[in-house]
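A.B. asks: One structure is given below, represented as C-alpha cells, and several questions about it will come after.
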Amino acid sequence: MNSSIELIKTENLTKHFTVKKGLFGEKALIRAVEDVNIQIYENMVFSVVGESGSGKSTLSRLILKLLEPTSGRIYFKGSDISELDKEGLKSFRRAVQVVFQDPFASLNPRQSIFSQIAEPLKIHKLASKKELKDRVAQLLESVGLKPEHMYRYPHEFSGGQRQRICIARALSVMPELIVADEPLSSLDVSIQAQILNLLTELKEKRNLSFLFISHDLNVVRYFSDYVAVMYAGCIVEEASAKALFENPLHPYTRVLIESAPSIEKMNTPRRPLTQGQQDGDANQGCPFYTRCPEALGICKDERPELLNKGNRKVACFRV
Amino acid sequence: MAEKNSPSSDEHLLTIEDLNIYLKGKSSFLNIVEGLSLNINYSEVFGLVGESGCGKSLTALSILRLLPPNITTEGSIYFHPLKKNILSLSDDELLDLRGKEISMIFQEPMTSLNPVFTIGYQIEEVLRLHEGLSKKQAHQRAVELLEAVKIPMAGKRINDYPHQLSGGMRQRVMIAMAIACRPKLLIADEPTTALDVTVQAEILQMLLEIQKSHRMSVLLITHDLAVVAQTAHRIAVMYAGRIVELARKDELFKNPRHPYTLGLLNSIPKETSKKLEPIPGVVPSPGELPEGCKFVTRCKYRIKDCHKKEPQLIDTGDNHYSRCLRANEFIN
C-alpha cells in the first residue's frame, strides 16, 4: 500500500481537554487523543474503532481541522494543515469532506436539497450557474435518489435518504478523502446495507479514501482496508482489516471482537471478558491496565509503545 | 393466527390475542399494530425484533398500558397468574401490576431515572410501595439488589445520584429497580442499544443470569438480530405492525421462512466481502401500506397473488410460523 499517494499523515497528534469536575470546579485533564501517528493513503478505507470516549471522534475532528491539536502535526499531501494560507485552506476543505452520524441534524431544515448541494459547488466555483442544476441532478442520481427530488426539503425524506443527501453534498466538490463518523449508526439494518453498498461503490468508482469511524465491528470488517483500535485516546493496535480480525494481538482488540454479538456464535455463551470502563485519567502505565485480563506487573508502571510487529503495530508488553 | 391455544395452558405466562393498536389521526384511525397474537412462556426469553416504526415498542407499552391517550388498543392481553385481561384492568389493579408483576426497562437509562433522588431512594421506593417494607428493610434489600446487578461497592454507591454513574451502571440500577419485586415478566426495550459492546455483553450476561435464577420471563425488544440470537429462546420478527415470522431461535436463523427475515439477515455484513443484498426501498408509513401482503413492494419473491390478499401467519411445521404465501418453498 505504500506505493500509493499518502493523503493524511499525523505526527504525535495529541488533544487534551480541560473540564471542570465536581461542584467546586476542580480542573481535570481529559486526554482525548494521545500521541497518534497514522497514515491514510489514496483509495483506502482507514477505520477507527473503539468504545465511546476512546477519542475516535476527536481524532476525526482534528483531521478535519474542526479542532486544533494540543500538540503534534497533521500533514495533508505533505503540507502541514496548521500552516495553510487562505487559498490552501480552501482547497484542503474541498479535498476533505465529512459525513456525520445524524442526517437529521446535518441538513438545514429551511433550505431545499438543491441549494444545500449547490452551495459547495458555488463556493468552490466548480460549476457555472447554468450547470448547477445538471450537476445536482447527477449527484442525486449517483447516490440513488431521483433528480426531481431536488426542490424538496429535508423533512420530506427518510433517515436513509437524508444520509444519501449528505453523501451527495460531500461528493459535490470531488473530495479525495471523506471522513465518515458513524454514518450508519442511526439507520435501520436494511438501510445500513444500502448505504454501505453505496459507499463501497463510490470508493471504487471515484478512487476515494475514507476515514471511517464506527463501533460496529461487522461493518468495519466488511468495509475497511486498514483498522486502528483506539482505547482511552491511544491507538493500541493497527493492522489490515483481515489480519486484525483473524488474529487480534492486543488484549483489548480481542475483548472488543469477542464481546460483539453475532449470529454465527449464537449458541456459545458470551462471557464478559472485562469489568468496568475506560479511565482517561490513568497517565502512567498501559491505559487498558485496569481492565486487562492478561495484565502483568510492568503494565501498571510503564506505558507500552506502539511497536511494529510484522506489518502491523501493537502496544502491549505481552506481544 | 399464532398459537391460538387455550389461554389456560400451564406453560403460558402472557397471552396476547388479536392485539390492534390504533393511532387517532385528524380524521381517521391509523392501524399501527394489527392482529398481533403471541404467547410468552414461564422462564422464557422472548425476542421481538424489527426495524424502527414496526410497532414493537408500542406492543411492549400496551402490555403495561403505558400508551398515550391518543392511542387506543383492542384485543386482549391475558396475564395468567392474575387470570385477567390487562387491557380491562382498573387503575388500582394496574398499580399492583406495574413494577410488581411486570416491570420494564428502557433504552435510555438516564431519562428513566429521576435526577434529583439518589438511586437508593428510587429502588427503596419500589420496595416500600409494593412490598410494604420499612425504610431500614428496604435499604438492606436495595443494597442486595445492587450487589445482584454487580455494582461494585454497592453499600457506598447506593447514595449516588444518577449523574454520578456511567451509562452501563445506570442500566444496572434500572435492572435492580425492575427486579426488586421479583416480577414474573420483565420487558426490556432496547436495553443495551445505548451502550458499548463490552458493557452490552456484561449487561446481557447479567440479565440472563437473573432471568434464570429468578425464573423470570423476559420480553426483549431490539432491532439487533445478533443480540436476540444470543439471548432469546423464541423470536418474533415484526414488519409494518404485524408479526411476519415466529419461531424458536435456532429454527429462525437456520431456516428463515419469510422474505423479510431473509432480507434482514442478508443485510448484515459477513466475514466474506461479497456485495450485500439489502432490502430495496423503505418501510412504508402506516397510512400508505400496500394492498395484500404488506411487504410486497420490497419483496423479491413476490407473485401475483401477494398483491391480492394479505397472507395469514401460519404454522409451516415445528411451530415455525410465517406470514408468506410461499413460506413452504423456503423450508430446507
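Scheme for the C-alpha cells: letters A, B, ... for chains in order shown; per-chain residue numbers from 1; ligand numbers from 1 in order shown.
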Near chain A, meaning an atom within 7 Å, which residues of chain B appear when counting only C-alpha atoms? Write them as a list of chain:residue names.
C.D. replies: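 So the residues of chain B near chain A are B:Glu51, B:Ser52, B:Asp196, B:Val197, B:Thr198, B:Ala201, B:Glu202, B:Ala226, B:Val227, B:Ala229, B:Gln230, B:Leu264, B:Ser267, B:Ile268, B:Pro269, B:Lys270, B:Glu271, B:Ser273, B:Leu276, B:Pro278, B:Ile279.
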A.B. asks: Near Val33 in chain A, within 8 Å and counting only C-alpha atoms, which residues show up once chain neighbours fewer than 6 positions away are dropped, as a list in words?
C.D. replies: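 Counting only C-alpha atoms, the residues come to Leu13, Thr14, Lys15, His16, Gly55, Lys56, Thr58, Leu59, Ala232, Gly233 and Cys234 of chain A.
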A.B. asks: DSSP on the backbone: what in range 119-304 of chain B comes out alpha helix (DSSP H), as a ChimeraX atom specification?
C.D. replies: /B:119-131,135-148,154-157,167-179,197-214,225-231,249-254,259-267
A.B. asks: Any idea what's packed within 12 Å of Glu119 in chain A, counting only C-alpha atoms, ignoring anything in its chain fewer than 2 positions away? Could you give it as a list in words?
C.D. replies: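 That gives Asn108, Gln111, Ser112, Ile113, Phe114, Ser115, Gln116, Ile117, Leu121, Lys122, Ile123, His124, Lys125, Leu126, Ala127, Ser128, Lys129, Leu132, Lys133, Arg135, Val136, Arg169, Ala170, Ser172 and Val173 of chain A.
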A.B. asks: Would you mind telling me which residue in B:Ala60, B:Val143, B:Met110, B:Leu220 lies nearest to Met169 in chain B when using only C-alpha atoms?
C.D. replies: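 Distance minimum relative to Met169 in chain B lands on B:Met110.
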A.B. asks: Using only C-alpha atoms, which protein or nucleic acid residues come within 8 Å of range 100-104 of chain B? Drop anything in the same chain fewer than 6 positions from it, and give the result as a list in words.
C.D. replies: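 Returned residues: Leu64, His130, Ala178, Ile179, Cys181, Arg182, Pro183, Lys184, Leu185, Leu186, Ile187, Ala188 and Asp189 of chain B.
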A.B. asks: Using CA of Arg291 in chain A and CA of Thr222 in chain B as the two end points, give the distance in Å to one decimal.
C.D. replies: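 Answer for the CA of Arg291 in chain A to CA of Thr222 in chain B separation: 28.2 Å.
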A.B. asks: Mind giving me the straight-line distance from CA of Lys26 in chain B to CA of Gly75 in chain B in Å, one decimal?
C.D. replies: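 Distance reported for this atom pair: 23.3 Å.
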A.B. asks: Which residues, written as a ChimeraX atom specification, have at least one atom at most 12 Å from Thr111 in chain B, with only C-alpha atoms counted and residues fewer than 2 positions away on the same chain left out?
C.D. replies: /B:105-109,113-116,162-163,167,170-171,174
A.B. asks: Export, as a short mmCIF file (atom, residue, chain, number, x, y, z; two decimals), in the first residue's frame, the selected residues with N, CA, C and O atoms.
C.D. replies:
```
data_model
loop_
_atom_site.label_atom_id
_atom_site.label_comp_id
_atom_site.auth_asym_id
_atom_site.auth_seq_id
_atom_site.Cartn_x
_atom_site.Cartn_y
_atom_site.Cartn_z
N ILE B 105 -37.69 -2.08 31.54
CA ILE B 105 -36.52 -1.20 31.43
C ILE B 105 -36.43 -0.64 30.01
O ILE B 105 -36.87 -1.29 29.06
N PHE B 106 -35.88 0.55 29.92
CA PHE B 106 -35.90 1.26 28.65
C PHE B 106 -34.49 1.43 28.09
O PHE B 106 -33.49 1.15 28.76
N GLN B 107 -34.46 1.99 26.88
CA GLN B 107 -33.17 2.15 26.20
C GLN B 107 -32.27 3.15 26.92
O GLN B 107 -31.10 2.92 27.12
N GLU B 108 -32.83 4.29 27.29
CA GLU B 108 -32.01 5.38 27.79
C GLU B 108 -32.14 5.45 29.31
O GLU B 108 -33.09 5.99 29.83
N PRO B 109 -31.18 4.85 30.03
CA PRO B 109 -31.35 4.79 31.48
C PRO B 109 -31.34 6.16 32.16
O PRO B 109 -31.89 6.32 33.22
N LEU B 113 -34.33 7.48 35.02
CA LEU B 113 -34.05 7.68 36.44
C LEU B 113 -34.33 9.14 36.79
O LEU B 113 -34.11 10.03 35.98
N ASN B 114 -34.78 9.34 38.01
CA ASN B 114 -35.03 10.70 38.45
C ASN B 114 -33.73 11.35 38.91
O ASN B 114 -33.08 10.85 39.83
N PRO B 115 -33.33 12.44 38.27
CA PRO B 115 -32.01 13.01 38.58
C PRO B 115 -31.88 13.61 39.98
O PRO B 115 -30.77 13.81 40.47
N VAL B 116 -32.99 13.93 40.64
CA VAL B 116 -32.87 14.62 41.93
C VAL B 116 -32.98 13.70 43.16
O VAL B 116 -32.92 14.16 44.28
N PRO B 162 -28.01 9.69 39.95
CA PRO B 162 -27.82 9.10 38.62
C PRO B 162 -26.66 9.70 37.81
O PRO B 162 -25.94 8.98 37.14
N HIS B 163 -26.45 11.02 37.93
CA HIS B 163 -25.40 11.62 37.10
C HIS B 163 -24.01 11.18 37.49
O HIS B 163 -23.05 11.37 36.75
N GLY B 167 -23.20 5.12 31.92
CA GLY B 167 -24.38 4.57 31.24
C GLY B 167 -24.65 3.12 31.61
O GLY B 167 -25.78 2.73 31.89
N ARG B 170 -25.95 2.91 35.16
CA ARG B 170 -27.35 3.36 35.25
C ARG B 170 -28.29 2.26 34.79
O ARG B 170 -29.34 2.04 35.38
N GLN B 171 -27.90 1.57 33.71
CA GLN B 171 -28.77 0.49 33.24
C GLN B 171 -28.83 -0.62 34.28
O GLN B 171 -29.87 -1.24 34.47
N MET B 174 -31.34 0.46 36.77
CA MET B 174 -32.69 0.25 36.23
C MET B 174 -33.11 -1.20 36.38
O MET B 174 -34.25 -1.51 36.73
#
```
A.B. asks: If we count only C-alpha atoms, what is near Ser240 in chain A at a cut-off of 8 Å, once residues fewer than 3 positions away on the same chain are taken out, given as a PyMOL selection string?
C.D. replies: chain A and resi 225-227+243-244+312
A.B. asks: Keeping C-alpha atoms, export the residues of the selection given above as a tab-separated table (two decimals), in the first residue's frame.
C.D. replies:
```tsv
chain	number	residue	atom	x	y	z
A	225	ASP	CA	-8.74	-1.97	4.33
A	226	TYR	CA	-6.92	-0.96	7.47
A	227	VAL	CA	-8.12	-0.65	11.06
A	243	ALA	CA	-5.12	-9.55	9.97
A	244	LEU	CA	-6.78	-7.66	12.78
A	312	ARG	CA	1.11	-4.34	11.94
```
A.B. asks: As a list in words, which residues of range 170-268 of chain B does DSSP assign to strand (DSSP E)?
C.D. replies: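 Reading the DSSP output for range 170-268 of chain B, strand (DSSP E) covers Leu185, Leu186, Ile187, Ala188, Asp189, Ser217, Val218, Leu219, Leu220, Ile221, Thr222, Arg234, Ile235, Ala236, Val237, Met238, Tyr239, Arg242, Ile243, Val244, Glu245, Leu246, Ala247 and Arg248 of chain B.
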A.B. asks: Go ahead and write the residues just picked, N, CA, C and O atoms, as a compact mmCIF listing (two decimals), in the first residue's frame.
C.D. replies:
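Wrote it out as again10.txt, contents follow:
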```
# COMPACT_ATOMS: atom_id res chain seq x y z
N LEU B 185 -42.56 -11.06 34.75
CA LEU B 185 -42.18 -10.70 33.38
C LEU B 185 -41.41 -9.39 33.41
O LEU B 185 -41.84 -8.42 34.03
N LEU B 186 -40.26 -9.38 32.72
CA LEU B 186 -39.51 -8.15 32.56
C LEU B 186 -39.53 -7.78 31.08
O LEU B 186 -39.16 -8.59 30.23
N ILE B 187 -40.01 -6.58 30.80
CA ILE B 187 -39.99 -6.11 29.42
C ILE B 187 -38.75 -5.24 29.26
O ILE B 187 -38.58 -4.26 29.97
N ALA B 188 -37.87 -5.61 28.33
CA ALA B 188 -36.64 -4.85 28.14
C ALA B 188 -36.66 -4.28 26.72
O ALA B 188 -36.55 -5.01 25.75
N ASP B 189 -36.85 -2.96 26.63
CA ASP B 189 -36.97 -2.32 25.33
C ASP B 189 -35.62 -1.73 24.93
O ASP B 189 -35.20 -0.72 25.49
N SER B 217 -39.62 -14.39 33.16
CA SER B 217 -39.67 -14.31 31.70
C SER B 217 -39.21 -12.93 31.28
O SER B 217 -39.40 -11.96 32.00
N VAL B 218 -38.60 -12.86 30.11
CA VAL B 218 -38.15 -11.58 29.58
C VAL B 218 -38.69 -11.39 28.18
O VAL B 218 -38.61 -12.30 27.35
N LEU B 219 -39.30 -10.23 27.95
CA LEU B 219 -39.65 -9.87 26.59
C LEU B 219 -38.60 -8.87 26.13
O LEU B 219 -38.55 -7.74 26.61
N LEU B 220 -37.72 -9.32 25.25
CA LEU B 220 -36.60 -8.48 24.82
C LEU B 220 -36.93 -7.86 23.47
O LEU B 220 -37.15 -8.56 22.49
N ILE B 221 -36.96 -6.53 23.45
CA ILE B 221 -37.30 -5.84 22.22
C ILE B 221 -36.04 -5.19 21.67
O ILE B 221 -35.35 -4.47 22.39
N THR B 222 -35.72 -5.46 20.43
CA THR B 222 -34.50 -4.90 19.88
C THR B 222 -34.55 -4.87 18.36
O THR B 222 -35.37 -5.54 17.74
N ARG B 234 -37.22 -17.87 21.90
CA ARG B 234 -38.04 -17.76 20.69
C ARG B 234 -38.02 -16.33 20.22
O ARG B 234 -37.82 -15.40 21.01
N ILE B 235 -38.23 -16.15 18.93
CA ILE B 235 -38.14 -14.83 18.34
C ILE B 235 -39.33 -14.57 17.42
O ILE B 235 -39.73 -15.45 16.66
N ALA B 236 -39.89 -13.38 17.51
CA ALA B 236 -40.89 -12.94 16.54
C ALA B 236 -40.31 -11.75 15.78
O ALA B 236 -39.74 -10.84 16.36
N VAL B 237 -40.44 -11.79 14.45
CA VAL B 237 -39.97 -10.70 13.62
C VAL B 237 -41.18 -9.88 13.19
O VAL B 237 -42.17 -10.44 12.70
N MET B 238 -41.12 -8.57 13.41
CA MET B 238 -42.26 -7.72 13.06
C MET B 238 -41.95 -6.85 11.85
O MET B 238 -40.82 -6.40 11.67
N TYR B 239 -42.96 -6.64 11.04
CA TYR B 239 -42.84 -5.70 9.92
C TYR B 239 -44.17 -5.00 9.75
O TYR B 239 -45.21 -5.66 9.69
N ARG B 242 -47.09 -6.02 12.02
CA ARG B 242 -47.51 -7.42 12.06
C ARG B 242 -46.33 -8.32 12.39
O ARG B 242 -45.20 -7.99 12.04
N ILE B 243 -46.65 -9.47 13.00
CA ILE B 243 -45.61 -10.48 13.12
C ILE B 243 -45.53 -11.18 11.77
O ILE B 243 -46.54 -11.65 11.25
N VAL B 244 -44.35 -11.22 11.16
CA VAL B 244 -44.24 -11.90 9.87
C VAL B 244 -43.60 -13.28 10.03
O VAL B 244 -43.76 -14.13 9.17
N GLU B 245 -42.87 -13.46 11.12
CA GLU B 245 -42.29 -14.79 11.34
C GLU B 245 -42.09 -15.00 12.82
O GLU B 245 -41.73 -14.06 13.55
N LEU B 246 -42.32 -16.21 13.27
CA LEU B 246 -42.17 -16.52 14.69
C LEU B 246 -41.67 -17.95 14.80
O LEU B 246 -42.26 -18.86 14.22
N ALA B 247 -40.55 -18.13 15.50
CA ALA B 247 -40.00 -19.48 15.61
C ALA B 247 -39.02 -19.55 16.76
O ALA B 247 -38.63 -18.53 17.32
N ARG B 248 -38.63 -20.77 17.08
CA ARG B 248 -37.52 -20.94 18.02
C ARG B 248 -36.27 -20.34 17.39
O ARG B 248 -36.11 -20.35 16.17
```
A.B. asks: Would you list the contacts of Ile63 in chain A as a CSV table (one decimal) with C-alpha atoms, in the first residue's frame, taking every protein, DNA or RNA residue within 10 Å and counting only C-alpha atoms, but skipping same-chain residues closer than 5 positions in sequence?
C.D. replies:
```csv
chain,number,residue,atom,x,y,z
A,8,ILE,CA,-3.1,12.2,5.6
A,9,LYS,CA,-0.2,11.8,8.0
A,10,THR,CA,-0.3,12.7,11.6
A,13,LEU,CA,-1.1,14.1,17.4
A,57,SER,CA,-14.4,11.3,17.0
A,58,THR,CA,-11.9,13.8,18.4
A,68,GLU,CA,-6.9,22.5,16.9
A,69,PRO,CA,-4.5,19.9,18.3
A,73,ARG,CA,1.1,17.9,13.4
A,74,ILE,CA,-1.2,16.8,10.6
A,75,TYR,CA,0.0,16.7,7.0
A,76,PHE,CA,-2.2,16.7,4.0
A,81,ILE,CA,-2.5,21.9,7.7
A,96,VAL,CA,-11.5,16.6,2.7
A,179,VAL,CA,-14.4,11.4,6.9
A,211,LEU,CA,-11.6,7.8,7.4
```
A.B. asks: Which residue, B:Gly281, B:Gly155, B:Gly120, B:Gly241, has the smallest gap to Leu145 in chain A when you use only C-alpha atoms?
C.D. replies: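 Between B:Gly281, B:Gly155, B:Gly120, B:Gly241, the residue approaching Leu145 in chain A most closely is B:Gly281.
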A.B. asks: Could you tell me which of B:Phe117, B:Tyr42, B:Phe79, B:Tyr260 comes closest to Gln211 in chain B if we count only C-alpha atoms?
C.D. replies: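 The answer is B:Tyr42, which sits nearest to Gln211 in chain B.
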